[in-house]
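Here's my_file-v5.csv, which has CSV, C-alpha atoms:
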```
chain,number,residue,atom,x,y,z
A,1,MET,CA,-55.0,-8.0,116.5
A,2,ARG,CA,-55.3,-11.6,117.5
A,3,VAL,CA,-55.0,-14.2,114.8
A,4,ALA,CA,-53.6,-17.2,116.7
A,5,ARG,CA,-55.4,-19.3,119.2
A,6,GLY,CA,-54.0,-19.4,122.7
A,7,VAL,CA,-53.1,-16.8,125.2
A,8,SER,CA,-52.3,-14.1,122.7
A,9,GLN,CA,-55.8,-14.4,121.2
A,10,PHE,CA,-57.4,-13.4,124.5
A,11,LEU,CA,-55.2,-10.4,125.4
A,12,CYS,CA,-57.6,-7.5,124.7
A,13,ILE,CA,-61.1,-6.6,123.7
A,14,ALA,CA,-60.6,-3.4,121.7
A,15,TRP,CA,-58.8,-2.2,118.6
A,16,PRO,CA,-55.8,0.0,118.2
A,17,LEU,CA,-55.6,3.7,117.7
A,18,LEU,CA,-57.3,5.0,114.6
A,19,THR,CA,-54.5,6.7,112.8
A,20,CYS,CA,-56.9,8.8,110.7
A,21,CYS,CA,-58.2,10.7,113.7
A,22,THR,CA,-57.5,14.3,114.3
A,23,LEU,CA,-58.2,16.9,116.9
A,24,SER,CA,-58.6,20.3,115.4
A,25,ALA,CA,-57.5,23.5,117.1
A,26,GLN,CA,-60.1,25.1,119.3
A,27,SER,CA,-61.8,28.0,117.7
A,28,GLU,CA,-61.6,31.5,119.1
A,29,LYS,CA,-65.2,31.4,120.1
A,30,GLY,CA,-64.6,28.6,122.7
A,31,ARG,CA,-64.8,24.9,123.1
A,32,VAL,CA,-65.0,22.4,120.3
A,33,ARG,CA,-68.7,21.6,119.6
A,34,ASN,CA,-68.5,18.5,117.4
A,35,ILE,CA,-68.0,15.1,119.1
A,36,VAL,CA,-67.5,11.9,117.1
A,37,LEU,CA,-68.0,8.7,119.1
A,38,VAL,CA,-66.6,5.3,118.2
A,39,HIS,CA,-67.6,1.9,119.7
A,40,GLY,CA,-65.3,-1.0,120.4
A,41,ALA,CA,-65.2,-4.7,119.7
A,42,TRP,CA,-68.3,-6.8,120.2
A,43,ALA,CA,-70.5,-3.8,120.6
A,44,ASP,CA,-72.2,-1.2,118.4
A,45,GLY,CA,-73.0,2.5,118.6
A,46,SER,CA,-76.2,2.2,120.6
A,47,GLY,CA,-74.2,1.9,123.8
A,48,TRP,CA,-73.3,5.6,123.5
A,49,LYS,CA,-76.9,6.7,124.0
A,50,GLY,CA,-76.6,7.9,127.5
A,51,VAL,CA,-73.5,9.9,126.8
A,52,CYS,CA,-75.0,11.2,123.6
A,53,ASP,CA,-78.1,12.4,125.4
A,54,ILE,CA,-76.0,14.4,127.9
A,55,LEU,CA,-73.8,15.9,125.3
A,56,ALA,CA,-76.7,16.9,123.1
A,57,LYS,CA,-78.5,18.5,126.0
A,58,ASP,CA,-75.3,20.5,126.7
A,59,GLY,CA,-75.2,21.8,123.2
A,60,TYR,CA,-72.8,19.5,121.4
A,61,LYS,CA,-73.3,18.1,118.0
A,62,VAL,CA,-72.8,14.3,118.3
A,63,SER,CA,-72.1,11.8,115.6
A,64,ILE,CA,-71.7,8.1,116.2
A,65,VAL,CA,-69.6,5.8,114.0
A,66,GLN,CA,-71.1,2.4,113.2
A,67,GLU,CA,-67.8,0.7,112.1
A,68,PRO,CA,-68.4,-2.8,110.7
A,69,GLU,CA,-65.6,-4.6,112.6
A,70,THR,CA,-64.8,-6.5,109.5
A,71,SER,CA,-61.3,-5.2,109.1
A,72,PHE,CA,-59.1,-2.4,110.5
A,73,LYS,CA,-59.0,-0.7,107.1
A,74,GLU,CA,-62.8,-0.7,106.8
A,75,ASP,CA,-63.2,0.6,110.4
A,76,VAL,CA,-60.8,3.5,109.6
A,77,ALA,CA,-62.8,4.2,106.4
A,78,ALA,CA,-66.1,4.3,108.3
A,79,THR,CA,-64.6,6.7,110.8
A,80,LYS,CA,-63.1,9.0,108.2
A,81,ARG,CA,-66.5,9.1,106.5
A,82,ILE,CA,-68.2,10.5,109.6
A,83,LEU,CA,-65.3,12.9,110.3
A,84,ALA,CA,-65.7,14.3,106.8
A,85,LEU,CA,-69.3,15.3,107.6
A,86,GLN,CA,-68.3,17.5,110.5
A,87,ASP,CA,-68.8,21.3,110.0
A,88,GLY,CA,-65.9,22.4,112.1
A,89,PRO,CA,-63.3,21.3,114.7
A,90,CYS,CA,-64.1,18.0,116.3
A,91,ILE,CA,-62.9,15.6,119.0
A,92,LEU,CA,-62.8,11.8,118.3
A,93,VAL,CA,-63.8,9.7,121.3
A,94,ALA,CA,-63.5,6.0,121.4
A,95,HIS,CA,-64.3,3.1,123.8
A,96,SER,CA,-61.7,0.4,123.6
A,97,TYR,CA,-60.5,1.7,120.3
A,98,GLY,CA,-58.5,4.9,120.0
A,99,GLY,CA,-59.2,8.5,119.5
A,100,LEU,CA,-57.9,11.4,121.5
A,101,VAL,CA,-60.3,10.8,124.3
A,102,TYR,CA,-59.8,7.2,125.3
A,103,VAL,CA,-62.5,5.4,127.3
A,104,ALA,CA,-61.2,2.2,128.8
A,105,ALA,CA,-59.2,1.9,125.7
A,106,HIS,CA,-55.9,0.8,124.2
A,107,MET,CA,-53.4,3.5,123.2
A,108,PRO,CA,-50.6,1.9,121.1
A,109,ASP,CA,-47.6,3.8,119.8
A,110,ALA,CA,-46.2,3.6,116.3
A,111,GLY,CA,-45.1,0.1,115.5
A,112,GLU,CA,-47.3,-1.5,118.2
A,113,ASN,CA,-50.5,-3.4,118.2
A,114,GLU,CA,-52.9,-4.0,121.1
A,115,ALA,CA,-52.4,-7.7,121.4
A,116,ASP,CA,-48.7,-7.3,122.1
A,117,ASP,CA,-49.3,-4.3,124.4
A,118,GLY,CA,-51.8,-6.3,126.4
A,119,LYS,CA,-49.0,-8.7,127.4
A,120,ARG,CA,-47.6,-6.0,129.6
A,121,PHE,CA,-50.6,-6.3,132.0
A,122,PRO,CA,-52.7,-9.3,131.0
A,123,SER,CA,-56.4,-8.9,131.6
A,124,ASP,CA,-58.8,-11.3,133.2
A,125,LEU,CA,-60.4,-11.8,129.8
A,126,SER,CA,-57.1,-12.8,128.3
A,127,LYS,CA,-56.9,-15.7,130.8
A,128,SER,CA,-60.4,-16.9,130.3
A,129,THR,CA,-62.3,-19.0,127.8
A,130,ALA,CA,-64.8,-16.3,127.0
A,131,ILE,CA,-63.5,-15.3,123.6
A,132,LYS,CA,-64.7,-17.6,120.8
A,133,LYS,CA,-63.9,-17.8,117.1
A,134,THR,CA,-66.0,-18.6,114.1
A,135,VAL,CA,-64.7,-20.8,111.3
A,136,ASP,CA,-64.3,-17.8,109.1
A,137,GLY,CA,-62.1,-15.9,111.5
A,138,PHE,CA,-64.4,-13.7,113.5
A,139,THR,CA,-64.4,-13.4,117.3
A,140,TYR,CA,-67.2,-13.0,119.8
A,141,LEU,CA,-67.8,-13.3,123.5
A,142,ASP,CA,-69.5,-16.3,124.9
A,143,PRO,CA,-72.9,-14.9,125.9
A,144,ALA,CA,-72.8,-16.8,129.1
A,145,GLN,CA,-69.7,-15.0,130.1
A,146,PHE,CA,-70.4,-11.6,128.5
A,147,HIS,CA,-71.8,-10.0,131.7
A,148,GLN,CA,-68.9,-11.2,133.8
A,149,TYR,CA,-66.1,-9.9,131.6
A,150,PHE,CA,-67.6,-7.0,129.6
A,151,ALA,CA,-70.4,-5.4,131.6
A,152,ALA,CA,-70.3,-6.5,135.3
A,153,ASP,CA,-71.8,-3.2,136.5
A,154,LEU,CA,-74.8,-3.4,134.2
A,155,SER,CA,-78.0,-5.3,135.0
A,156,THR,CA,-78.3,-8.9,134.0
A,157,GLU,CA,-81.0,-8.0,131.5
A,158,GLN,CA,-79.0,-5.2,129.9
A,159,ALA,CA,-75.8,-7.2,129.7
A,160,ALA,CA,-77.8,-10.1,128.2
A,161,PHE,CA,-79.2,-7.9,125.4
A,162,MET,CA,-75.7,-6.6,124.7
A,163,ALA,CA,-74.4,-10.1,124.5
A,164,GLN,CA,-77.2,-11.1,122.1
A,165,SER,CA,-76.7,-8.1,119.9
A,166,GLN,CA,-72.9,-8.0,119.9
A,167,VAL,CA,-71.1,-7.4,116.6
A,168,LEU,CA,-68.6,-10.1,115.7
A,169,ASN,CA,-65.1,-8.7,115.2
A,170,ALA,CA,-62.5,-9.9,112.7
A,171,ALA,CA,-59.7,-11.6,114.7
A,172,ASP,CA,-57.0,-10.0,112.5
A,173,ASN,CA,-58.1,-6.6,113.8
A,174,PHE,CA,-56.3,-7.1,117.1
A,175,LYS,CA,-52.9,-7.4,115.3
A,176,ALA,CA,-53.2,-4.3,113.2
A,177,VAL,CA,-49.9,-2.3,113.6
A,178,ILE,CA,-50.1,1.5,114.2
A,179,THR,CA,-48.0,3.7,111.9
A,180,THR,CA,-48.7,7.1,113.5
A,181,ALA,CA,-49.9,7.7,117.1
A,182,ALA,CA,-51.8,11.0,117.3
A,183,TRP,CA,-51.2,11.3,121.0
A,184,ARG,CA,-47.6,11.9,120.3
A,185,SER,CA,-48.4,15.4,118.9
A,186,LYS,CA,-51.9,16.2,120.3
A,187,PRO,CA,-53.3,16.4,123.8
A,188,SER,CA,-55.2,13.2,125.0
A,189,TRP,CA,-57.5,12.1,127.7
A,190,MET,CA,-57.9,8.7,129.3
A,191,LEU,CA,-60.7,7.3,131.4
A,192,VAL,CA,-59.6,4.3,133.5
A,193,ALA,CA,-62.3,1.9,134.5
A,194,THR,CA,-61.0,0.5,137.7
A,195,LYS,CA,-62.8,-2.9,137.5
A,196,ASP,CA,-62.2,-3.4,133.8
A,197,ARG,CA,-61.7,-7.1,133.2
A,198,ALA,CA,-61.3,-6.8,129.4
A,199,ILE,CA,-58.4,-4.4,129.5
A,200,ASN,CA,-56.3,-4.4,132.6
A,201,PRO,CA,-56.8,-1.1,134.4
A,202,ASP,CA,-53.0,-1.0,135.1
A,203,LEU,CA,-52.4,-1.1,131.3
A,204,GLU,CA,-54.8,1.8,130.9
A,205,ARG,CA,-52.9,3.7,133.6
A,206,TRP,CA,-49.6,2.8,131.9
A,207,TYR,CA,-50.8,4.1,128.6
A,208,ALA,CA,-52.0,7.4,130.2
A,209,GLU,CA,-48.7,7.9,131.9
A,210,ARG,CA,-46.7,7.3,128.8
A,211,ALA,CA,-48.8,9.6,126.7
A,212,LYS,CA,-49.0,12.2,129.5
A,213,SER,CA,-52.7,12.1,129.1
A,214,HIS,CA,-55.2,13.9,131.3
A,215,LYS,CA,-56.5,11.0,133.3
A,216,VAL,CA,-59.6,10.3,135.4
A,217,GLU,CA,-60.5,7.0,137.1
A,218,VAL,CA,-64.0,5.8,137.6
A,219,SER,CA,-64.1,3.5,140.7
A,220,GLY,CA,-65.9,0.2,140.3
A,221,ALA,CA,-66.6,0.7,136.6
A,222,SER,CA,-66.5,-2.3,134.2
A,223,HIS,CA,-65.2,-2.2,130.6
A,224,ALA,CA,-68.7,-1.1,129.6
A,225,VAL,CA,-68.2,2.2,131.6
A,226,TYR,CA,-69.5,4.2,128.6
A,227,VAL,CA,-72.8,2.6,129.1
A,228,SER,CA,-72.9,2.3,132.9
A,229,ARG,CA,-71.4,5.7,133.8
A,230,PRO,CA,-72.5,8.1,131.1
A,231,LYS,CA,-72.3,11.2,133.4
A,232,GLU,CA,-68.6,10.6,134.2
A,233,VAL,CA,-67.8,9.8,130.5
A,234,ALA,CA,-69.6,12.8,129.2
A,235,ALA,CA,-67.9,15.0,131.8
A,236,LEU,CA,-64.4,13.9,130.5
A,237,ILE,CA,-65.4,14.6,126.9
A,238,GLU,CA,-66.7,18.0,127.8
A,239,GLU,CA,-63.4,18.7,129.7
A,240,ALA,CA,-61.5,17.8,126.5
A,241,ALA,CA,-63.8,20.0,124.4
A,242,SER,CA,-63.1,22.9,126.7
A,243,HIS,CA,-59.4,22.6,126.9
A,244,ALA,CA,-58.3,21.1,123.6
A,245,ARG,CA,-55.8,23.2,121.6
```

Represent the supplied structure as structure tokens.
Amino acid sequence: MRVARGVSQFLCIAWPLLTCCTLSAQSEKGRVRNIVLVHGAWADGSGWKGVCDILAKDGYKVSIVQEPETSFKEDVAATKRILALQDGPCILVAHSYGGLVYVAAHMPDAGENEADDGKRFPSDLSKSTAIKKTVDGFTYLDPAQFHQYFAADLSTEQAAFMAQSQVLNAADNFKAVITTAAWRSKPSWMLVATKDRAINPDLERWYAERAKSHKVEVSGASHAVYVSRPKEVAALIEEAASHAR
């Protein structure tokens, strides 16, 4: 992920595909019932509340990973820890990061990292001054620009709270290279947020086409689509749970 200052530092908001993730075969009794949700950079698991509430009402068991964002290795370990607690087949869903249901997310292949992939279709965020860096190598979004680039379809008050509570993300995370891409051997789903300013929607579409993913587009949605459009996001997750093999 990004380590140098300059254009490459601002190419993307999220982290690469979690190589530890798996999508188990659907049981004979029907759809997969366990859903594991992963948040992206500069956010935490609380943003999934709306989606979680819908899934729980519809009978799914939902677990939310609170990865520390301190290193790619530690984020993978945190996710594996939650996956190990599941009592059966599960689907890994991630905003910005990777899973097998991608919500406004990066989808690198083996040997790739998201910073380099972002150069294919640079985002508005990558061209801005919104990403800041601490002296010890952690990135954060300028609170004054958070609403504009991360959550434009949320209220001013909600975006301000997310900016104030954002989790600082290790800059090195954006350069982590993927060794195995799960979408190469398993079905995948992609939700494209058409007004995403953190990851270019055209890059999300390109990822989906390359992976032959089941794709839906949410018109007018920002990068924070998992917060602003929980019904659409939950519907895609439930589609994946019903059709995963």

*Using all atoms listed in the file, which of A:Arg197, A:His223, A:Arg31, A:Lys73 sits nearest His243 in chain A?*
A:Arg31

_Test item: residues at most 9 Å from Ala163 in chain A, only C-alpha atoms, excluding those fewer than 5 positions along its chain, as a PyMOL selection string_ = chain A and resi 42-43+141-147+158

_Atom pair CA of Ala130 in chain A / CA of Val218 in chain A: separation (Å)_ = 24.5 Å

*Might you pull out every residue within 12 Å of Asp58 in chain A, with only C-alpha atoms counted and same-chain residues fewer than 4 positions away left off, and present them as a list in words?*
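The contact residues come out as Arg31, Arg33, Asn34, Ile35, Val51, Cys52, Asp53, Ile54, Val62, Lys231, Ala234, Ala235, Ile237, Glu238 and Ala241 of chain A.
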
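For the pair CA of Glu239 in chain A and CA of Arg210 in chain A, the separation is 20.2 Å.
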
_I need the residue nearest Glu74 in chain A from this list: A:Ala110, A:Val135, A:Ala94, A:Ala170. Use only C-alpha atoms for the distance._
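Between A:Ala110, A:Val135, A:Ala94, A:Ala170, the residue approaching Glu74 in chain A most closely is A:Ala170.
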
_Cut-off 10 Å around (-63.8, -15.9, 115.6) with all atoms listed in the file: residues as a PyMOL selection string_ = chain A and resi 2-3+5+9+131-141+168-172

*For Leu85 in chain A, which residue out of A:His106, A:Arg229, A:Lys61, A:His214 is the nearest one, using only C-alpha atoms?*
A:Lys61

*Using only C-alpha atoms, collect all residues at a distance of at most 12 Å from (-64.6, 10.9, 120.0) as written in the file, then present them as a PyMOL selection string.*
chain A and resi 17-18+21-23+32-40+45+48+51-52+55+60-65+79+82-83+89-103+105+188-190+226+233-234+236-238+240-241

*For Pro108 in chain A: contacts at 10 Å, all atoms listed in the file, fewer than 3 positions along chain excluded, given as a list of chain:residue names*: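 In the requested format, the answer is A:Trp15, A:Pro16, A:Leu17, A:Leu18, A:Tyr97, A:Gly98, A:Ala105, A:Gly111, A:Glu112, A:Asn113, A:Glu114, A:Ala115, A:Asp116, A:Asp117, A:Gly118, A:Val177, A:Ile178, A:Thr179, A:Thr180, A:Ala181, A:Ala182, A:Trp183, A:Tyr207, A:Ala211.
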